[in-house]
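Structure file protein18.tsv (TSV, C-alpha atoms) is printed below.
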```tsv
chain	number	residue	atom	x	y	z
A	1	MET	CA	-83.77	54.19	138.76
A	2	ARG	CA	-85.22	51.29	140.72
A	3	PHE	CA	-83.37	47.99	140.94
A	4	LEU	CA	-86.27	45.71	141.82
A	5	LEU	CA	-86.89	42.34	140.24
A	6	ASP	CA	-90.26	41.82	138.61
A	7	ALA	CA	-92.55	38.84	139.21
A	8	GLU	CA	-91.04	36.88	136.31
A	9	HIS	CA	-87.52	37.28	137.68
A	10	LEU	CA	-88.63	36.27	141.16
A	11	ALA	CA	-90.42	33.19	139.82
A	12	PHE	CA	-87.29	32.22	137.88
A	13	ALA	CA	-85.16	32.58	141.01
A	14	ASP	CA	-87.64	30.59	143.10
A	15	SER	CA	-87.86	27.72	140.62
A	16	LEU	CA	-84.08	27.53	140.18
A	17	GLY	CA	-83.57	27.73	143.95
A	18	ALA	CA	-86.10	24.96	144.57
A	19	MET	CA	-84.42	22.71	142.01
A	20	LEU	CA	-80.96	23.30	143.48
A	21	GLY	CA	-82.23	22.93	147.02
A	22	ALA	CA	-83.45	19.42	146.21
A	23	ALA	CA	-80.18	18.44	144.51
A	24	ASP	CA	-78.02	17.88	147.64
A	25	THR	CA	-75.35	20.23	146.28
A	26	PRO	CA	-72.91	19.66	149.20
A	27	SER	CA	-72.54	16.04	148.06
A	28	VAL	CA	-72.08	17.21	144.46
A	29	VAL	CA	-69.40	19.68	145.57
A	30	ARG	CA	-67.50	17.02	147.50
A	31	ASP	CA	-67.65	14.63	144.52
A	32	TRP	CA	-66.40	17.37	142.23
A	33	SER	CA	-63.52	18.16	144.58
A	34	ARG	CA	-62.39	14.53	144.36
A	35	GLY	CA	-62.48	14.60	140.56
A	36	GLU	CA	-65.72	12.59	140.40
A	37	HIS	CA	-67.91	14.50	137.95
A	38	ARG	CA	-70.95	12.31	137.28
A	39	SER	CA	-73.28	14.00	139.78
A	40	GLY	CA	-71.97	17.42	138.78
A	41	ARG	CA	-72.59	16.71	135.11
A	42	ALA	CA	-76.12	15.61	135.87
A	43	LEU	CA	-76.78	18.80	137.84
A	44	TRP	CA	-75.21	20.83	135.02
A	45	ARG	CA	-77.76	19.46	132.55
A	46	ARG	CA	-80.61	20.33	134.88
A	47	ILE	CA	-79.30	23.87	135.22
A	48	ALA	CA	-79.06	24.07	131.43
A	49	ASP	CA	-82.61	22.73	131.08
A	50	ALA	CA	-83.71	25.64	133.27
A	51	GLY	CA	-82.30	27.94	130.58
A	52	VAL	CA	-79.36	29.39	132.50
A	53	PHE	CA	-76.61	28.97	129.91
A	54	ALA	CA	-78.91	29.87	127.03
A	55	LEU	CA	-79.13	33.35	128.60
A	56	ALA	CA	-75.60	34.01	127.32
A	57	VAL	CA	-76.09	32.58	123.81
A	58	PRO	CA	-77.50	34.58	120.87
A	59	GLU	CA	-80.85	33.48	119.49
A	60	GLU	CA	-79.38	32.54	116.11
A	61	TYR	CA	-77.37	29.84	117.89
A	62	ASP	CA	-80.33	28.34	119.77
A	63	GLY	CA	-79.98	30.62	122.79
A	64	LEU	CA	-82.27	33.13	124.45
A	65	GLY	CA	-80.13	36.14	123.59
A	66	PHE	CA	-77.76	37.89	125.94
A	67	ARG	CA	-79.77	38.69	129.09
A	68	PRO	CA	-77.48	39.99	131.84
A	69	VAL	CA	-80.24	40.68	134.39
A	70	GLU	CA	-81.53	37.13	134.16
A	71	LEU	CA	-77.94	35.84	134.30
A	72	ALA	CA	-77.38	37.80	137.50
A	73	VAL	CA	-80.57	36.38	139.01
A	74	ALA	CA	-79.51	32.84	138.10
A	75	PHE	CA	-75.96	33.18	139.40
A	76	VAL	CA	-77.14	34.44	142.77
A	77	GLU	CA	-78.97	31.14	143.16
A	78	LEU	CA	-76.00	29.14	141.87
A	79	GLY	CA	-73.82	30.82	144.47
A	80	ARG	CA	-76.42	30.37	147.19
A	81	HIS	CA	-76.24	26.62	146.63
A	82	ALA	CA	-72.44	26.48	146.02
A	83	VAL	CA	-72.83	24.76	142.65
A	84	PRO	CA	-69.38	23.64	141.40
A	85	GLY	CA	-67.96	23.76	137.90
A	86	PRO	CA	-66.94	26.36	135.32
A	87	LEU	CA	-70.22	28.25	135.46
A	88	VAL	CA	-68.78	31.74	134.99
A	89	GLU	CA	-66.31	30.45	132.44
A	90	THR	CA	-69.02	28.86	130.29
A	91	VAL	CA	-71.05	32.05	129.96
A	92	THR	CA	-67.79	33.98	129.43
A	93	ALA	CA	-66.86	31.58	126.64
A	94	ALA	CA	-70.28	32.17	125.10
A	95	ALA	CA	-69.62	35.91	125.15
A	96	LEU	CA	-66.20	35.42	123.54
A	97	LEU	CA	-67.64	33.23	120.80
A	98	SER	CA	-70.52	35.65	120.07
A	99	GLY	CA	-68.26	37.73	117.85
A	100	PRO	CA	-67.91	38.34	114.13
A	101	GLU	CA	-66.66	34.84	113.29
A	102	ALA	CA	-69.73	32.76	112.48
A	103	ASP	CA	-68.06	29.37	112.01
A	104	PRO	CA	-66.77	28.80	115.58
A	105	ALA	CA	-69.98	30.24	117.00
A	106	LYS	CA	-72.09	27.85	114.94
A	107	ARG	CA	-69.92	24.89	115.98
A	108	LEU	CA	-69.64	25.60	119.70
A	109	LEU	CA	-72.39	27.88	121.00
A	110	PRO	CA	-75.45	25.58	120.65
A	111	ALA	CA	-73.78	22.91	122.80
A	112	LEU	CA	-72.86	25.46	125.47
A	113	GLY	CA	-76.39	26.83	125.64
A	114	SER	CA	-77.99	23.39	125.84
A	115	GLY	CA	-75.63	22.12	128.54
A	116	GLU	CA	-74.19	19.39	126.32
A	117	ALA	CA	-70.79	21.03	126.76
A	118	MET	CA	-69.10	23.08	129.47
A	119	ALA	CA	-66.32	25.53	128.73
A	120	THR	CA	-63.36	27.07	130.45
A	121	VAL	CA	-61.19	30.07	129.61
A	122	ALA	CA	-57.57	30.98	130.33
A	123	VAL	CA	-56.49	34.59	129.85
A	124	ASP	CA	-52.92	35.53	128.91
A	125	GLY	CA	-51.43	32.26	130.13
A	126	GLY	CA	-53.27	32.23	133.44
A	127	TYR	CA	-54.97	29.24	134.99
A	128	ALA	CA	-58.29	27.93	133.75
A	129	LEU	CA	-60.99	26.52	135.99
A	130	ASP	CA	-61.76	22.82	135.48
A	131	GLY	CA	-59.64	22.48	132.36
A	132	ASP	CA	-59.51	18.73	132.98
A	133	ILE	CA	-63.28	18.29	132.62
A	134	ALA	CA	-64.32	21.12	130.28
A	135	ASP	CA	-65.38	20.09	126.77
A	136	VAL	CA	-64.42	23.46	125.25
A	137	ARG	CA	-61.09	24.95	126.33
A	138	LEU	CA	-60.41	28.50	125.19
A	139	ALA	CA	-57.15	30.41	125.55
A	140	LEU	CA	-57.29	34.17	125.10
A	141	THR	CA	-53.93	35.63	124.08
A	142	SER	CA	-52.68	38.78	122.38
A	143	ASP	CA	-53.13	36.98	119.05
A	144	GLY	CA	-56.81	36.26	119.61
A	145	LEU	CA	-59.00	33.44	120.86
A	146	HIS	CA	-57.62	29.92	120.49
A	147	GLN	CA	-59.19	26.56	121.13
A	148	ALA	CA	-56.60	25.04	123.47
A	149	ALA	CA	-54.93	21.83	122.39
A	150	GLY	CA	-54.69	20.40	125.92
A	151	HIS	CA	-54.28	21.14	129.59
A	152	GLY	CA	-51.67	20.83	132.29
A	153	PRO	CA	-51.85	19.08	135.67
A	154	VAL	CA	-54.62	19.92	138.12
A	155	ARG	CA	-53.73	22.42	140.84
A	156	ARG	CA	-55.79	22.92	143.97
A	157	SER	CA	-57.34	26.22	144.88
A	158	LEU	CA	-58.25	27.37	148.39
A	159	ASP	CA	-61.71	26.20	147.37
A	160	PRO	CA	-61.30	22.43	146.80
A	161	ALA	CA	-64.07	22.52	144.19
A	162	ARG	CA	-62.10	24.98	142.05
A	163	ARG	CA	-59.71	22.75	140.10
A	164	LEU	CA	-57.17	24.86	138.20
A	165	THR	CA	-55.14	23.88	135.15
A	166	SER	CA	-52.97	25.60	132.58
A	167	LEU	CA	-54.02	25.42	128.92
A	168	THR	CA	-51.96	24.96	125.78
A	169	PRO	CA	-52.96	27.79	123.40
A	170	SER	CA	-51.49	26.09	120.33
A	171	GLY	CA	-54.79	24.89	118.95
A	172	GLU	CA	-57.05	26.40	116.32
A	173	LEU	CA	-57.29	30.19	116.15
A	174	LEU	CA	-61.03	30.77	116.39
A	175	THR	CA	-61.01	34.54	115.97
A	176	ALA	CA	-58.49	37.33	116.04
A	177	ARG	CA	-61.16	39.79	117.18
A	178	PRO	CA	-63.07	38.30	120.09
A	179	PRO	CA	-65.42	40.65	122.01
A	180	THR	CA	-63.14	40.71	125.04
A	181	HIS	CA	-64.68	43.71	126.77
A	182	ASN	CA	-68.17	42.21	126.84
A	183	ALA	CA	-66.75	38.85	127.90
A	184	LEU	CA	-64.81	40.35	130.80
A	185	ARG	CA	-67.87	42.26	131.97
A	186	THR	CA	-69.92	39.07	131.75
A	187	ALA	CA	-67.33	37.20	133.81
A	188	ARG	CA	-67.19	39.89	136.47
A	189	LEU	CA	-70.95	40.35	136.65
A	190	THR	CA	-71.68	36.65	137.07
A	191	THR	CA	-68.85	36.29	139.59
A	192	ALA	CA	-70.34	39.19	141.57
A	193	ALA	CA	-73.79	37.59	141.51
A	194	GLN	CA	-72.36	34.21	142.51
A	195	ALA	CA	-70.48	35.81	145.41
A	196	LEU	CA	-73.64	37.60	146.52
A	197	GLY	CA	-75.45	34.25	146.63
A	198	VAL	CA	-72.60	32.70	148.62
A	199	GLY	CA	-72.76	35.55	151.12
A	200	LEU	CA	-76.54	35.29	151.49
A	201	ALA	CA	-76.25	31.54	152.14
A	202	LEU	CA	-73.54	32.08	154.76
A	203	LEU	CA	-75.67	34.67	156.51
A	204	ASP	CA	-78.73	32.39	156.54
A	205	LYS	CA	-76.73	29.45	157.87
A	206	THR	CA	-75.12	31.55	160.58
A	207	VAL	CA	-78.41	33.05	161.74
A	208	GLN	CA	-79.86	29.56	162.06
A	209	TYR	CA	-76.81	28.34	163.95
A	210	VAL	CA	-76.70	31.15	166.54
A	211	ARG	CA	-80.38	30.59	167.26
A	212	GLN	CA	-79.63	26.98	168.19
A	213	ARG	CA	-76.25	27.32	169.92
A	214	THR	CA	-76.50	28.20	173.59
A	215	GLN	CA	-74.08	29.65	176.10
A	216	PHE	CA	-74.93	29.89	179.79
A	217	GLY	CA	-78.34	28.50	178.87
A	218	THR	CA	-79.05	31.34	176.41
A	219	PRO	CA	-79.01	31.27	172.57
A	220	VAL	CA	-75.90	33.16	171.47
A	221	GLY	CA	-78.01	34.88	168.83
A	222	SER	CA	-79.58	36.96	171.60
A	223	PHE	CA	-76.24	38.55	172.52
A	224	GLN	CA	-75.90	42.13	171.37
A	225	ALA	CA	-72.40	41.67	169.97
A	226	VAL	CA	-73.57	38.77	167.81
A	227	LYS	CA	-76.54	40.77	166.54
A	228	HIS	CA	-74.26	43.65	165.57
A	229	GLN	CA	-71.94	41.38	163.57
A	230	LEU	CA	-74.83	39.81	161.71
A	231	ALA	CA	-76.43	43.19	161.07
A	232	ASP	CA	-73.18	44.49	159.60
A	233	ALA	CA	-72.92	41.47	157.31
A	234	LYS	CA	-76.53	41.82	156.19
A	235	THR	CA	-76.07	45.53	155.50
A	236	ALA	CA	-73.01	44.83	153.34
A	237	LEU	CA	-74.87	42.21	151.32
A	238	GLU	CA	-77.98	44.32	150.88
A	239	PHE	CA	-75.83	47.22	149.71
A	240	ALA	CA	-74.20	44.94	147.13
A	241	ARG	CA	-77.49	43.58	145.75
A	242	PRO	CA	-78.65	46.77	143.92
A	243	LEU	CA	-75.14	47.33	142.59
A	244	VAL	CA	-75.18	43.87	140.99
A	245	LEU	CA	-78.64	44.40	139.49
A	246	GLY	CA	-77.76	47.93	138.40
A	247	ALA	CA	-74.59	46.70	136.70
A	248	ALA	CA	-76.64	44.03	134.90
A	249	LEU	CA	-78.84	46.81	133.51
A	250	THR	CA	-76.05	49.12	132.35
A	251	MET	CA	-73.19	46.63	131.70
A	252	THR	CA	-70.68	49.46	131.81
A	253	GLU	CA	-67.12	48.62	132.79
A	254	GLU	CA	-67.19	50.82	135.89
A	255	ASP	CA	-70.58	49.62	137.16
A	256	VAL	CA	-69.64	45.97	136.73
A	257	ALA	CA	-66.30	46.51	138.48
A	258	ALA	CA	-68.03	48.28	141.38
A	259	ALA	CA	-70.57	45.47	141.67
A	260	LYS	CA	-67.90	42.80	141.61
A	261	VAL	CA	-65.68	44.33	144.27
A	262	THR	CA	-68.63	45.24	146.51
A	263	ALA	CA	-70.36	41.85	146.30
A	264	CYS	CA	-67.16	39.87	146.77
A	265	GLU	CA	-66.01	41.98	149.72
A	266	ALA	CA	-69.45	41.64	151.31
A	267	ALA	CA	-69.37	37.86	150.87
A	268	TYR	CA	-65.85	37.69	152.28
A	269	ARG	CA	-66.86	39.78	155.29
A	270	THR	CA	-69.86	37.54	155.85
A	271	ALA	CA	-67.62	34.47	155.60
A	272	ARG	CA	-65.34	35.81	158.32
A	273	THR	CA	-68.34	36.57	160.51
A	274	ALA	CA	-69.78	33.11	159.90
A	275	LEU	CA	-66.48	31.47	160.78
A	276	GLN	CA	-66.17	33.42	164.02
A	277	LEU	CA	-69.73	32.80	165.16
A	278	HIS	CA	-69.61	29.10	164.37
A	279	GLY	CA	-66.51	28.69	166.53
A	280	ALA	CA	-64.24	25.69	166.12
A	281	ILE	CA	-66.75	23.72	164.05
A	282	GLY	CA	-66.46	26.33	161.30
A	283	TYR	CA	-62.83	25.31	160.68
A	284	THR	CA	-63.62	21.69	159.90
A	285	ALA	CA	-63.69	20.58	156.27
A	286	GLU	CA	-66.32	17.96	157.13
A	287	TYR	CA	-68.82	20.64	158.11
A	288	ASP	CA	-70.79	21.88	155.07
A	289	LEU	CA	-70.21	25.53	155.98
A	290	SER	CA	-66.64	25.18	154.68
A	291	LEU	CA	-67.95	24.72	151.13
A	292	TRP	CA	-69.25	28.29	151.17
A	293	LEU	CA	-66.42	29.76	153.26
A	294	THR	CA	-63.72	28.72	150.83
A	295	LYS	CA	-65.75	29.76	147.81
A	296	ALA	CA	-66.24	33.27	149.20
A	297	ARG	CA	-62.47	33.65	149.53
A	298	ALA	CA	-61.72	32.24	146.07
A	299	LEU	CA	-64.30	34.41	144.28
A	300	ARG	CA	-62.86	37.53	145.90
A	301	THR	CA	-59.90	37.53	143.50
A	302	ALA	CA	-61.41	35.65	140.54
A	303	TRP	CA	-61.63	37.78	137.38
A	304	GLY	CA	-60.03	40.79	139.03
A	305	THR	CA	-58.61	41.58	142.45
A	306	PRO	CA	-60.31	44.17	144.67
A	307	ASP	CA	-57.49	46.66	144.08
A	308	ALA	CA	-57.63	46.23	140.31
A	309	LEU	CA	-61.38	46.71	140.25
A	310	ARG	CA	-61.24	49.80	142.46
A	311	ALA	CA	-58.77	51.26	139.96
A	312	VAL	CA	-61.29	50.62	137.16
A	313	VAL	CA	-64.00	52.45	139.11
A	314	LEU	CA	-61.69	55.37	139.83
A	315	ARG	CA	-60.69	55.68	136.18
A	316	GLY	CA	-64.34	55.70	135.17
A	317	GLY	CA	-65.13	58.38	137.74
A	318	GLY	CA	-62.36	60.52	136.35
A	319	ARG	CA	-63.77	60.27	132.82
A	320	ARG	CA	-67.23	61.34	134.00
A	321	SER	CA	-66.04	64.29	136.08
```
Once more with this new file: its structure as structure tokens, please.
Amino acid sequence: MRFLLDAEHLAFADSLGAMLGAADTPSVVRDWSRGEHRSGRALWRRIADAGVFALAVPEEYDGLGFRPVELAVAFVELGRHAVPGPLVETVTAAALLSGPEADPAKRLLPALGSGEAMATVAVDGGYALDGDIADVRLALTSDGLHQAAGHGPVRRSLDPARRLTSLTPSGELLTARPPTHNALRTARLTTAAQALGVGLALLDKTVQYVRQRTQFGTPVGSFQAVKHQLADAKTALEFARPLVLGAALTMTEEDVAAAKVTACEAAYRTARTALQLHGAIGYTAEYDLSLWLTKARALRTAWGTPDALRAVVLRGGGRRS
């Protein structure tokens, strides 16, 4: 099986990347981190106009149907440009609402697909991303899927743009039988793709930097040790790419888990390399590199830790043997 994108996928990625590249996303991220959401909301609508959120919404609710490959392509670009907000959570909410209960789907899904609303999700009492700004707050408990009645105080993540809150799952019970397995796979797949994009951006920025930075009158990028570190990071990312695309094709629990752990570990490794090769400037919050560094670390444990996901892969391997 070949995991190559066709011309339509590549054109979609290019157009989305061009739009995000012109949006000055570092400024949007910094605004979002301060709780100022106007620029982020405006960017959100542009992303929705490009059809990204509609890729997770069934056609009967004004979406494009569930298209995991296209979602993966889009989320690589969203990660590459460090777009803030509950991106993964919104498509996960769409997956949770695309169940047997037609009433909540009819009420909530069209607005999610069009970008008029953004959603967040808390699982089993855990923290939700951007619960203070999300229009649709969902709490998944053992009883089913609830529309949360409110949210708790904002807590800071390692990534300043990831604003965490608790949710109050005492609101309306939307469905007692949400499609949790598909939703979890959607969350992990899009997180993997986002992390892959973050890693690719970190690699590009570091390559550019070592070409410009000199030591003893020589660009540090010409040093063999630097080349080896960058080559190792690139190899890890390129190994993760087909796993993400392959998981988008199969959407099996084991393939998605493998893609998530591999992409997130590759992005984290690239972040550590980027930090080392940038030297002291890489530690400063004022330098834009930090927006990607912190996101790589935060995504590593979002929607499943590396150890938990490796256990999923091992269980799947045991069933196939």
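Relative to CA of Ala267 in chain A, CA of Ala233 in chain A is found at 8.2 Å.
Atom to atom, CA of Thr141 in chain A and CA of Tyr127 in chain A stand 12.7 Å apart.
With distances restricted to all atoms listed in the file, A:Leu277 is the closest residue to Thr214 in chain A from A:Leu277, A:Pro153, A:Leu196, A:Pro242.
Atom pair CA of Asp132 in chain A / CA of His151 in chain A: separated by 6.7 Å.
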Considering all atoms listed in the file, tabulate each residue of range 177-293 of chain A that lies at most 9 Å from range 5-26 of chain A along with its nearest interatomic pair and the corresponding distance in Å to one decimal; arrange the rows by chain and ascending residue number and present them as a tab-separated table.
```
residue	atom	partner	partner_atom	distance
A:Leu245	CA	A:Leu5	CA	8.5
A:Asp288	CA	A:Pro26	CA	6.6
A:Leu291	CA	A:Pro26	CA	7.3
```
Find the nearest atom pair between each residue of range 145-249 of chain A and range 56-62 of chain A for residues within 12 Å, count all atoms listed in the file, give distances in Å to one decimal, sort rows by chain and ascending number, and present the table as CSV.
```
residue,atom,partner,partner_atom,distance
A:Asn182,CA,A:Ala56,CA,11.1
A:Ala183,CA,A:Ala56,CA,10.1
A:Thr186,CA,A:Ala56,CA,8.8
A:Ala187,CA,A:Ala56,CA,11.0
A:Thr190,CA,A:Ala56,CA,10.8
```
